file my_file26.tsv (TSV, C-alpha atoms (C1' of nucleotides))
chain	number	residue	atom	x	y	z
A	1	MET	CA	31.27	-14.03	-21.52
A	2	THR	CA	29.12	-13.89	-24.63
A	3	ARG	CA	26.81	-11.05	-25.57
A	4	ASP	CA	23.61	-12.54	-24.22
A	5	SER	CA	24.43	-14.88	-21.40
A	6	PHE	CA	25.79	-13.91	-18.02
A	7	SER	CA	27.38	-15.87	-15.23
A	8	ARG	CA	26.10	-15.60	-11.72
A	9	GLN	CA	28.93	-13.30	-10.72
A	10	GLN	CA	28.25	-11.03	-13.62
A	11	ALA	CA	24.53	-11.02	-13.00
A	12	ALA	CA	25.16	-10.17	-9.37
A	13	ALA	CA	27.52	-7.34	-10.25
A	14	ILE	CA	25.18	-5.91	-12.84
A	15	THR	CA	22.00	-6.02	-10.84
A	16	GLY	CA	23.45	-5.12	-7.49
A	17	LEU	CA	22.22	-8.33	-5.94
A	18	THR	CA	24.41	-10.77	-4.05
A	19	PRO	CA	25.30	-14.19	-5.48
A	20	ARG	CA	23.62	-15.66	-2.45
A	21	GLN	CA	20.36	-14.01	-3.38
A	22	LEU	CA	20.58	-15.20	-6.96
A	23	ALA	CA	21.11	-18.72	-5.68
A	24	TYR	CA	18.17	-18.57	-3.32
A	25	TRP	CA	15.86	-16.89	-5.78
A	26	ARG	CA	16.74	-19.49	-8.34
A	27	LYS	CA	16.19	-22.34	-5.91
A	28	THR	CA	12.83	-20.93	-4.86
A	29	GLY	CA	11.74	-20.16	-8.40
A	30	LEU	CA	11.54	-16.38	-8.25
A	31	VAL	CA	13.98	-15.82	-11.10
A	32	VAL	CA	15.35	-18.95	-12.73
A	33	PRO	CA	18.14	-18.48	-15.29
A	34	ALA	CA	16.87	-19.50	-18.69
A	35	ILE	CA	20.07	-21.06	-19.96
A	36	HIS	CA	22.46	-23.69	-18.69
A	37	THR	CA	25.98	-24.42	-19.86
A	38	ASP	CA	26.97	-27.91	-20.89
A	39	GLY	CA	28.42	-28.39	-17.45
A	40	GLY	CA	25.02	-27.69	-15.94
A	41	HIS	CA	25.92	-24.22	-14.74
A	42	ALA	CA	23.38	-21.40	-14.86
A	43	ARG	CA	23.51	-18.57	-17.37
A	44	TYR	CA	21.31	-15.52	-17.03
A	45	THR	CA	19.84	-14.07	-20.21
A	46	PHE	CA	19.29	-10.42	-20.90
A	47	THR	CA	15.64	-10.82	-20.01
A	48	ASP	CA	16.65	-12.50	-16.77
A	49	LEU	CA	18.73	-9.47	-15.90
A	50	ILE	CA	15.73	-7.20	-16.40
A	51	ALA	CA	13.64	-9.37	-14.14
A	52	LEU	CA	16.39	-9.39	-11.54
A	53	ARG	CA	16.77	-5.65	-11.76
A	54	ALA	CA	13.04	-5.16	-11.36
A	55	ALA	CA	12.96	-7.42	-8.35
A	56	LYS	CA	15.92	-5.56	-6.89
A	57	ARG	CA	14.08	-2.28	-7.24
A	58	LEU	CA	11.03	-3.70	-5.57
A	59	ARG	CA	13.22	-4.91	-2.72
A	60	ASP	CA	14.89	-1.50	-2.45
A	61	ALA	CA	11.44	0.07	-2.35
A	62	GLY	CA	10.72	-1.94	0.76
A	63	ILE	CA	8.66	-4.73	-0.76
A	64	SER	CA	9.40	-8.02	0.89
A	65	LEU	CA	10.25	-11.09	-1.13
A	66	GLN	CA	7.15	-12.76	0.18
A	67	ARG	CA	5.01	-9.94	-1.12
A	68	ILE	CA	6.73	-10.03	-4.48
A	69	ARG	CA	5.95	-13.71	-4.72
A	70	LYS	CA	2.33	-13.13	-3.85
A	71	CYS	CA	2.06	-10.40	-6.44
A	72	LEU	CA	3.57	-12.60	-9.10
A	73	ARG	CA	1.21	-15.42	-8.27
A	74	SER	CA	-1.87	-13.23	-8.54
A	75	LEU	CA	-0.51	-11.41	-11.57
A	76	THR	CA	-0.14	-14.57	-13.58
A	77	HIS	CA	-3.65	-15.33	-12.46
A	78	PHE	CA	-5.50	-12.19	-13.53
A	79	LEU	CA	-3.09	-11.14	-16.28
A	80	PRO	CA	-2.24	-14.49	-17.87
A	81	THR	CA	-0.94	-12.72	-20.97
A	82	ALA	CA	2.15	-11.70	-19.07
A	83	ASP	CA	4.17	-14.78	-18.34
A	84	ARG	CA	7.13	-12.83	-16.99
A	85	PRO	CA	5.61	-9.86	-15.18
A	86	LEU	CA	8.90	-8.77	-13.67
A	87	ALA	CA	10.33	-8.32	-17.16
A	88	GLU	CA	7.27	-7.02	-18.96
A	89	LEU	CA	5.01	-4.83	-16.89
A	90	SER	CA	5.21	-1.32	-15.53
A	91	LEU	CA	5.25	-1.38	-11.80
A	92	VAL	CA	4.73	1.29	-9.21
A	93	VAL	CA	5.59	0.67	-5.64
A	94	THR	CA	4.43	2.57	-2.62
A	95	GLY	CA	4.72	1.51	0.91
A	96	ASP	CA	3.81	-2.14	0.91
A	97	VAL	CA	1.79	-2.29	-2.26
A	98	VAL	CA	2.62	-3.01	-5.87
A	99	LEU	CA	0.66	-1.34	-8.63
A	100	VAL	CA	0.60	-2.60	-12.17
A	101	PHE	CA	-0.02	-0.32	-15.08
A	102	HIS	CA	-1.67	-2.02	-17.97
A	103	GLY	CA	-2.83	0.23	-20.73
A	104	GLU	CA	-4.61	3.17	-19.17
A	105	ARG	CA	-5.51	1.40	-15.99
A	106	ALA	CA	-3.83	0.60	-12.72
A	107	PHE	CA	-4.35	-2.50	-10.62
A	108	ASP	CA	-3.25	-3.73	-7.29
A	109	ALA	CA	-0.81	-6.46	-8.24
A	110	LEU	CA	-1.98	-8.50	-5.31
A	111	THR	CA	-5.74	-8.41	-5.58
A	112	GLY	CA	-6.21	-7.33	-9.19
A	113	GLN	CA	-8.54	-4.65	-7.93
A	114	GLU	CA	-8.64	-1.54	-10.03
A	115	TRP	CA	-8.48	1.68	-8.10
A	116	VAL	CA	-8.04	4.79	-10.17
A	117	PHE	CA	-10.09	7.91	-10.00
A	118	PRO	CA	-8.81	11.28	-10.99
A	119	ILE	CA	-10.37	14.12	-9.07
A	120	ALA	CA	-11.40	15.77	-12.33
A	121	GLU	CA	-13.91	13.00	-12.73
A	122	LEU	CA	-15.41	13.74	-9.34
A	123	ALA	CA	-15.75	17.37	-10.27
A	124	ARG	CA	-17.66	16.44	-13.42
A	125	GLU	CA	-19.95	14.24	-11.39
A	126	VAL	CA	-20.82	16.97	-8.98
A	127	GLU	CA	-21.14	19.53	-11.74
A	128	LYS	CA	-23.68	17.43	-13.56
A	129	LEU	CA	-25.54	17.13	-10.35
A	130	GLN	CA	-25.48	20.85	-9.79
A	131	ARG	CA	-27.02	21.56	-13.18
A	132	LYS	CA	-29.98	19.32	-12.39
A	133	GLN	CA	-30.82	20.81	-9.06
A	134	PRO	CA	-34.47	19.72	-8.86
A	135	ARG	CA	-33.83	16.09	-9.78
A	136	GLN	CA	-30.43	15.50	-8.37
A	137	GLY	CA	-30.93	11.89	-7.48
A	138	GLU	CA	-30.09	10.42	-10.86
A	139	LEU	CA	-26.38	10.59	-10.44
A	140	PHE	CA	-26.21	8.87	-7.09
A	141	PRO	CA	-29.07	6.41	-6.88
A	142	ALA	CA	-27.99	5.12	-3.51
A	143	ALA	CA	-27.78	8.67	-2.25
A	144	GLU	CA	-31.34	9.33	-3.33
A	145	GLU	CA	-32.63	6.70	-0.96
A	146	LYS	CA	-30.68	8.33	1.80
A	147	LEU	CA	-32.26	11.64	0.92
A	148	GLU	CA	-35.66	10.24	1.67
A	149	GLU	CA	-34.42	8.23	4.58
A	150	TYR	CA	-33.08	11.26	6.39
A	151	ALA	CA	-35.65	13.75	5.12
Q	1	MET	CA	-31.12	26.02	-1.61
Q	2	THR	CA	-28.90	28.25	-3.70
Q	3	ARG	CA	-26.67	27.15	-6.51
Q	4	ASP	CA	-23.45	26.91	-4.54
Q	5	SER	CA	-24.28	26.12	-0.96
Q	6	PHE	CA	-25.65	22.87	0.34
Q	7	SER	CA	-27.21	21.87	3.61
Q	8	ARG	CA	-25.95	18.91	5.53
Q	9	GLN	CA	-28.84	16.77	4.36
Q	10	GLN	CA	-28.21	17.68	0.77
Q	11	ALA	CA	-24.49	17.09	1.07
Q	12	ALA	CA	-25.16	13.73	2.64
Q	13	ALA	CA	-27.60	12.73	-0.08
Q	14	ILE	CA	-25.28	13.86	-2.85
Q	15	THR	CA	-22.10	12.30	-1.59
Q	16	GLY	CA	-23.59	9.12	-0.22
Q	17	LEU	CA	-22.27	9.82	3.25
Q	18	THR	CA	-24.41	9.86	6.37
Q	19	PRO	CA	-25.22	13.08	8.21
Q	20	ARG	CA	-23.52	11.55	11.20
Q	21	GLN	CA	-20.29	11.23	9.24
Q	22	LEU	CA	-20.47	14.80	8.04
Q	23	ALA	CA	-20.93	15.94	11.60
Q	24	TYR	CA	-17.99	13.92	12.85
Q	25	TRP	CA	-15.72	14.81	9.99
Q	26	ARG	CA	-16.53	18.42	10.54
Q	27	LYS	CA	-15.92	18.23	14.25
Q	28	THR	CA	-12.60	16.49	13.73
Q	29	GLY	CA	-11.52	18.81	10.93
Q	30	LEU	CA	-11.39	16.38	8.03
Q	31	VAL	CA	-13.83	18.35	5.89
Q	32	VAL	CA	-15.12	21.57	7.38
Q	33	PRO	CA	-17.90	23.34	5.49
Q	34	ALA	CA	-16.58	26.63	4.21
Q	35	ILE	CA	-19.74	28.66	4.72
Q	36	HIS	CA	-22.08	29.31	7.60
Q	37	THR	CA	-25.55	30.76	7.55
Q	38	ASP	CA	-26.48	33.72	9.70
Q	39	GLY	CA	-27.91	31.31	12.20
Q	40	GLY	CA	-24.53	29.63	12.52
Q	41	HIS	CA	-25.51	26.57	10.50
Q	42	ALA	CA	-23.06	24.91	8.16
Q	43	ARG	CA	-23.26	25.14	4.39
Q	44	TYR	CA	-21.13	22.98	2.15
Q	45	THR	CA	-19.68	24.58	-0.96
Q	46	PHE	CA	-19.23	22.88	-4.29
Q	47	THR	CA	-15.58	22.35	-3.47
Q	48	ASP	CA	-16.55	20.84	-0.17
Q	49	LEU	CA	-18.71	18.35	-2.01
Q	50	ILE	CA	-15.79	17.30	-4.14
Q	51	ALA	CA	-13.65	16.80	-1.10
Q	52	LEU	CA	-16.40	14.80	0.56
Q	53	ARG	CA	-16.88	12.70	-2.53
Q	54	ALA	CA	-13.15	12.02	-2.74
Q	55	ALA	CA	-13.02	11.00	0.88
Q	56	LYS	CA	-16.04	8.79	0.35
Q	57	ARG	CA	-14.28	7.01	-2.48
Q	58	LEU	CA	-11.21	6.51	-0.40
Q	59	ARG	CA	-13.38	5.02	2.33
Q	60	ASP	CA	-15.12	2.76	-0.18
Q	61	ALA	CA	-11.72	1.67	-1.42
Q	62	GLY	CA	-10.94	0.41	2.04
Q	63	ILE	CA	-8.82	3.29	3.30
Q	64	SER	CA	-9.51	4.00	6.94
Q	65	LEU	CA	-10.29	7.49	8.14
Q	66	GLN	CA	-7.16	7.43	10.21
Q	67	ARG	CA	-5.06	6.71	7.17
Q	68	ILE	CA	-6.76	9.45	5.21
Q	69	ARG	CA	-5.90	11.87	7.95
Q	70	LYS	CA	-2.29	10.78	7.95
Q	71	CYS	CA	-2.11	11.16	4.19
Q	72	LEU	CA	-3.55	14.64	4.34
Q	73	ARG	CA	-1.12	15.66	7.03
Q	74	SER	CA	1.88	14.50	5.08
Q	75	LEU	CA	0.50	15.80	1.80
Q	76	THR	CA	0.19	19.33	3.07
Q	77	HIS	CA	3.71	18.89	4.31
Q	78	PHE	CA	5.49	17.78	1.16
Q	79	LEU	CA	3.08	19.35	-1.32
Q	80	PRO	CA	2.32	22.66	0.36
Q	81	THR	CA	0.98	24.07	-2.90
Q	82	ALA	CA	-2.13	21.99	-2.48
Q	83	ASP	CA	-4.05	23.29	0.46
Q	84	ARG	CA	-7.07	21.09	-0.21
Q	85	PRO	CA	-5.63	17.82	-1.48
Q	86	LEU	CA	-8.94	16.01	-1.39
Q	87	ALA	CA	-10.38	18.51	-3.83
Q	88	GLU	CA	-7.35	19.10	-6.02
Q	89	LEU	CA	-5.13	16.09	-6.53
Q	90	SER	CA	-5.44	12.88	-8.47
Q	91	LEU	CA	-5.44	9.95	-6.17
Q	92	VAL	CA	-4.97	6.26	-6.72
Q	93	VAL	CA	-5.82	3.86	-4.01
Q	94	THR	CA	-4.75	0.31	-3.67
Q	95	GLY	CA	-4.99	-1.85	-0.65
Q	96	ASP	CA	-3.99	0.37	2.20
Q	97	VAL	CA	-1.99	2.93	0.31
Q	98	VAL	CA	-2.81	6.22	-1.32
Q	99	LEU	CA	-0.89	7.39	-4.35
Q	100	VAL	CA	-0.81	10.97	-5.51
Q	101	PHE	CA	-0.26	11.88	-9.10
Q	102	HIS	CA	1.40	15.20	-9.55
Q	103	GLY	CA	2.51	15.99	-13.05
Q	104	GLU	CA	4.33	12.99	-14.42
Q	105	ARG	CA	5.22	11.59	-11.07
Q	106	ALA	CA	3.57	9.49	-8.44
Q	107	PHE	CA	4.12	9.66	-4.70
Q	108	ASP	CA	3.06	7.78	-1.70
Q	109	ALA	CA	0.65	10.17	-0.07
Q	110	LEU	CA	1.86	9.10	3.33
Q	111	THR	CA	5.64	9.21	3.03
Q	112	GLY	CA	6.05	11.40	-0.02
Q	113	GLN	CA	8.38	8.81	-1.40
Q	114	GLU	CA	8.44	8.64	-5.15
Q	115	TRP	CA	8.29	5.18	-6.57
Q	116	VAL	CA	7.75	4.94	-10.27
Q	117	PHE	CA	9.76	2.89	-12.64
Q	118	PRO	CA	8.48	1.62	-15.93
Q	119	ILE	CA	10.15	-1.58	-16.98
Q	120	ALA	CA	11.10	0.03	-20.26
Q	121	GLU	CA	13.55	2.14	-18.31
Q	122	LEU	CA	15.17	-0.94	-16.82
Q	123	ALA	CA	15.55	-2.41	-20.27
Q	124	ARG	CA	17.35	0.71	-21.42
Q	125	GLU	CA	19.65	0.55	-18.44
Q	126	VAL	CA	20.62	-3.01	-19.12
Q	127	GLU	CA	20.93	-2.37	-22.83
Q	128	LYS	CA	23.37	0.42	-22.26
Q	129	LEU	CA	25.31	-1.91	-20.09
Q	130	GLN	CA	25.36	-4.61	-22.70
Q	131	ARG	CA	26.83	-2.28	-25.33
Q	132	LYS	CA	29.75	-1.47	-23.06
Q	133	GLN	CA	30.70	-4.99	-22.24
Q	134	PRO	CA	34.33	-4.38	-21.23
Q	135	ARG	CA	33.58	-1.48	-18.90
Q	136	GLN	CA	30.21	-2.33	-17.58
Q	137	GLY	CA	30.67	-0.78	-14.19
Q	138	GLU	CA	29.70	2.75	-15.11
Q	139	LEU	CA	26.00	2.15	-15.02
Q	140	PHE	CA	25.89	0.52	-11.62
Q	141	PRO	CA	28.66	1.99	-9.55
Q	142	ALA	CA	27.66	0.08	-6.47
Q	143	ALA	CA	27.60	-3.09	-8.49
Q	144	GLU	CA	31.15	-2.50	-9.66
Q	145	GLU	CA	32.44	-2.76	-6.14
Q	146	LYS	CA	30.59	-6.00	-5.77
Q	147	LEU	CA	32.19	-7.27	-8.95
Q	148	GLU	CA	35.58	-6.91	-7.35
Q	149	GLU	CA	34.39	-8.07	-4.00
Q	150	TYR	CA	33.13	-11.36	-5.33
Q	151	ALA	CA	35.72	-11.82	-8.08
H	1	DA	C1'	34.17	-20.30	-9.75
H	2	DA	C1'	29.62	-22.75	-9.31
H	3	DG	C1'	26.64	-25.63	-6.83
H	4	DG	C1'	24.99	-27.40	-2.69
H	5	DG	C1'	24.42	-28.20	2.45
H	6	DA	C1'	24.29	-26.57	7.17
H	7	DC	C1'	23.85	-23.25	10.67
H	8	DA	C1'	22.60	-18.71	12.65
H	9	DA	C1'	21.16	-13.85	12.38
H	10	DA	C1'	17.90	-10.78	10.38
H	11	DA	C1'	13.57	-9.70	8.30
H	12	DA	C1'	8.82	-10.48	7.54
H	13	DC	C1'	4.59	-12.55	8.61
H	14	DG	C1'	0.36	-13.82	11.20
H	15	DG	C1'	-2.48	-13.99	15.09
H	16	DC	C1'	-3.95	-12.13	19.55
H	17	DG	C1'	-5.51	-8.87	23.05
H	18	DG	C1'	-5.94	-4.11	24.65
H	19	DT	C1'	-6.67	0.69	23.15
H	20	DT	C1'	-8.31	4.31	20.24
H	21	DT	C1'	-11.16	5.97	16.51
H	22	DT	C1'	-15.36	6.04	13.94
H	23	DT	C1'	-20.19	5.34	13.36
H	24	DG	C1'	-25.10	4.52	14.69
H	25	DT	C1'	-28.76	5.65	17.65
H	26	DC	C1'	-31.35	8.19	20.85
H	27	DC	C1'	-32.47	12.41	23.21
H	28	DC	C1'	-32.56	17.32	24.11
H	29	DT	C1'	-32.22	22.35	22.69
H	30	DT	C1'	-32.57	26.06	19.39
M	1	DA	C1'	-33.90	20.39	10.47
M	2	DA	C1'	-29.32	21.41	12.68
M	3	DG	C1'	-26.32	21.14	16.45
M	4	DG	C1'	-24.67	18.91	20.38
M	5	DG	C1'	-24.11	15.28	24.10
M	6	DA	C1'	-24.03	10.53	25.66
M	7	DC	C1'	-23.66	5.72	25.15
M	8	DA	C1'	-22.55	1.38	22.75
M	9	DA	C1'	-21.19	-1.36	18.71
M	10	DA	C1'	-18.00	-1.73	14.99
M	11	DA	C1'	-13.70	-0.82	12.80
M	12	DA	C1'	-8.98	0.19	12.91
M	13	DC	C1'	-4.72	0.55	15.15
M	14	DC	C1'	-0.67	-0.84	17.90
M	15	DG	C1'	2.52	-3.68	20.20
M	16	DC	C1'	3.89	-8.33	21.39
M	17	DC	C1'	5.38	-12.91	20.41
M	18	DG	C1'	6.04	-17.32	18.11
M	19	DT	C1'	6.77	-18.98	13.33
M	20	DT	C1'	8.41	-18.81	8.73
M	21	DT	C1'	11.24	-16.79	5.16
M	22	DT	C1'	15.39	-14.69	3.56
M	23	DT	C1'	20.20	-13.72	3.80
M	24	DG	C1'	25.13	-14.18	5.26
M	25	DT	C1'	28.84	-17.13	6.22
M	26	DC	C1'	31.50	-21.19	6.18
M	27	DC	C1'	32.72	-25.61	4.28
M	28	DC	C1'	32.89	-29.33	0.92
M	29	DT	C1'	32.62	-31.25	-3.91
M	30	DT	C1'	33.00	-30.85	-8.86
call {"tool": "encode", "arguments": {"input": "my_file26.tsv", "output": "structure tokens"}}
result
Amino acid sequence: MTRDSFSRQQAAAITGLTPRQLAYWRKTGLVVPAIHTDGGHARYTFTDLIALRAAKRLRDAGISLQRIRKCLRSLTHFLPTADRPLAELSLVVTGDVVLVFHGERAFDALTGQEWVFPIAELAREVEKLQRKQPRQGELFPAAEEKLEEYA
Amino acid sequence: MTRDSFSRQQAAAITGLTPRQLAYWRKTGLVVPAIHTDGGHARYTFTDLIALRAAKRLRDAGISLQRIRKCLRSLTHFLPTADRPLAELSLVVTGDVVLVFHGERAFDALTGQEWVFPIAELAREVEKLQRKQPRQGELFPAAEEKLEEYA
DNA sequence: AAGGGACAAAAACGGCGGTTTTTGTCCCTT
DNA sequence: AAGGGACAAAAACCGCCGTTTTTGTCCCTT
């Protein structure tokens, strides 16, 4: 029981996961312990624990393992800088979706699509428009066509 | 064409929605124009435009009308302060979920569940644990039971 | 204890068809 | 123009069911 390596039992106790889950997740590559003892037994590092804990939270939030896997696959694809997303990134979970916060922006962990728009921004848009009453089309080019179309 | 009331055509042109949609959304109560002319015709206010624009964005982001309605219903339920969520709150959309930012927190607009957890927080948790090696149970009470259970 | 295998229950997924909601279009009235 | 009604196409939803994934449990080996 050193300072920076944990047995499976310990890891399970700390993270709130079952030993069975650790075994399966290891076998399927979700979280693979970084260290092995001489006897070939697994040892979880501190970083491993964080990853496990993150995964546990995602599970508790109702995200299925399958979805977590998908997210990780696409994350390593569109955010290659992060090689251990579960231990590095800020995650927000809602319903069946995982959001990643990266700098000021938020992405869908699955698709990489960015989907943030504070209402304040909308207000500014419409305000601008209001000030230019006569030539309001500039802000919404597509809308301008519609204006003519339905005029 | 005053400064703060817009006809249906204008509203449609500005927001990028079709007049048909405005009519339907009005009829079904999603966004009801706040003003009426003497002749009984609808006039959209500036705030209405913002709401329309927000809804439009949600639609563009792939959120169905039905889901938007659900979100609004539950929003007015667990955030009663906001009586016009579409025109007041910050929304984040990903996949088929709508997130509401309210102060420092984020909620699922549908369930009201709060689901934010920066990884940094997890690291702190585990760090604390590491410093108290001998009595590690305090941080994860549930885990402590497991420790015994699987010991 | 840890690892691994085997088996079964539980959970999650994916596709399909039927139903409801939303939108487009046309027409009529004011 | 705006409102409203009617009809049809498109989009979205819901429930069902067979398949796959995940987990629990038991047993055996080191």
call {"tool": "closest_residue", "arguments": {"input": "my_file26.tsv", "among": "A:Arg43, A:Arg8, A:His36, A:Arg53", "to": "chain Q", "atoms": "all atoms listed in the file"}}
result
A:Arg53
call {"tool": "atom_distance", "arguments": {"input": "my_file26.tsv", "atom1": "atom C1' of DC16 of chain M", "atom2": "atom CA of Asp60 of chain A"}}
result
27.1 Å
call {"tool": "closest_residue", "arguments": {"input": "my_file26.tsv", "among": "M:DC26, M:DA1, M:DA11, M:DC17", "to": "chain A", "atoms": "all atoms listed in the file"}}
result
M:DA1
call {"tool": "interface_residues", "arguments": {"input": "my_file26.tsv", "of": "chain M", "to": "chain A", "cutoff": "12 Å", "atoms": "all atoms listed in the file", "output": "PDB file with C-alpha atoms (C1' of nucleotides), in the frame of the given file"}}
result
ATOM      1  C1'  DA M   1     -33.900  20.390  10.470  1.00  0.00           C
ATOM      2  C1'  DT M  20       8.410 -18.810   8.730  1.00  0.00           C
ATOM      3  C1'  DT M  21      11.240 -16.790   5.160  1.00  0.00           C
ATOM      4  C1'  DT M  22      15.390 -14.690   3.560  1.00  0.00           C
ATOM      5  C1'  DT M  23      20.200 -13.720   3.800  1.00  0.00           C
ATOM      6  C1'  DG M  24      25.130 -14.180   5.260  1.00  0.00           C
ATOM      7  C1'  DT M  25      28.840 -17.130   6.220  1.00  0.00           C
ATOM      8  C1'  DT M  30      33.000 -30.850  -8.860  1.00  0.00           C
TER       9       DT M  30
END
call {"tool": "interface_residues", "arguments": {"input": "my_file26.tsv", "of": "chain H", "to": "chain Q", "cutoff": "10 Å", "atoms": "only C-alpha atoms (C1' of nucleotides)", "output": "number ranges by chain"}}
result
H: 1, 21-24
call {"tool": "closest_residue", "arguments": {"input": "my_file26.tsv", "among": "M:DA8, M:DC14, M:DA2, M:DC27", "to": "DC26 of chain H", "atoms": "all atoms listed in the file"}}
result
M:DA8
call {"tool": "atom_distance", "arguments": {"input": "my_file26.tsv", "atom1": "atom CA of Phe46 of chain A", "atom2": "atom CA of Ala23 of chain A"}}
result
17.4 Å
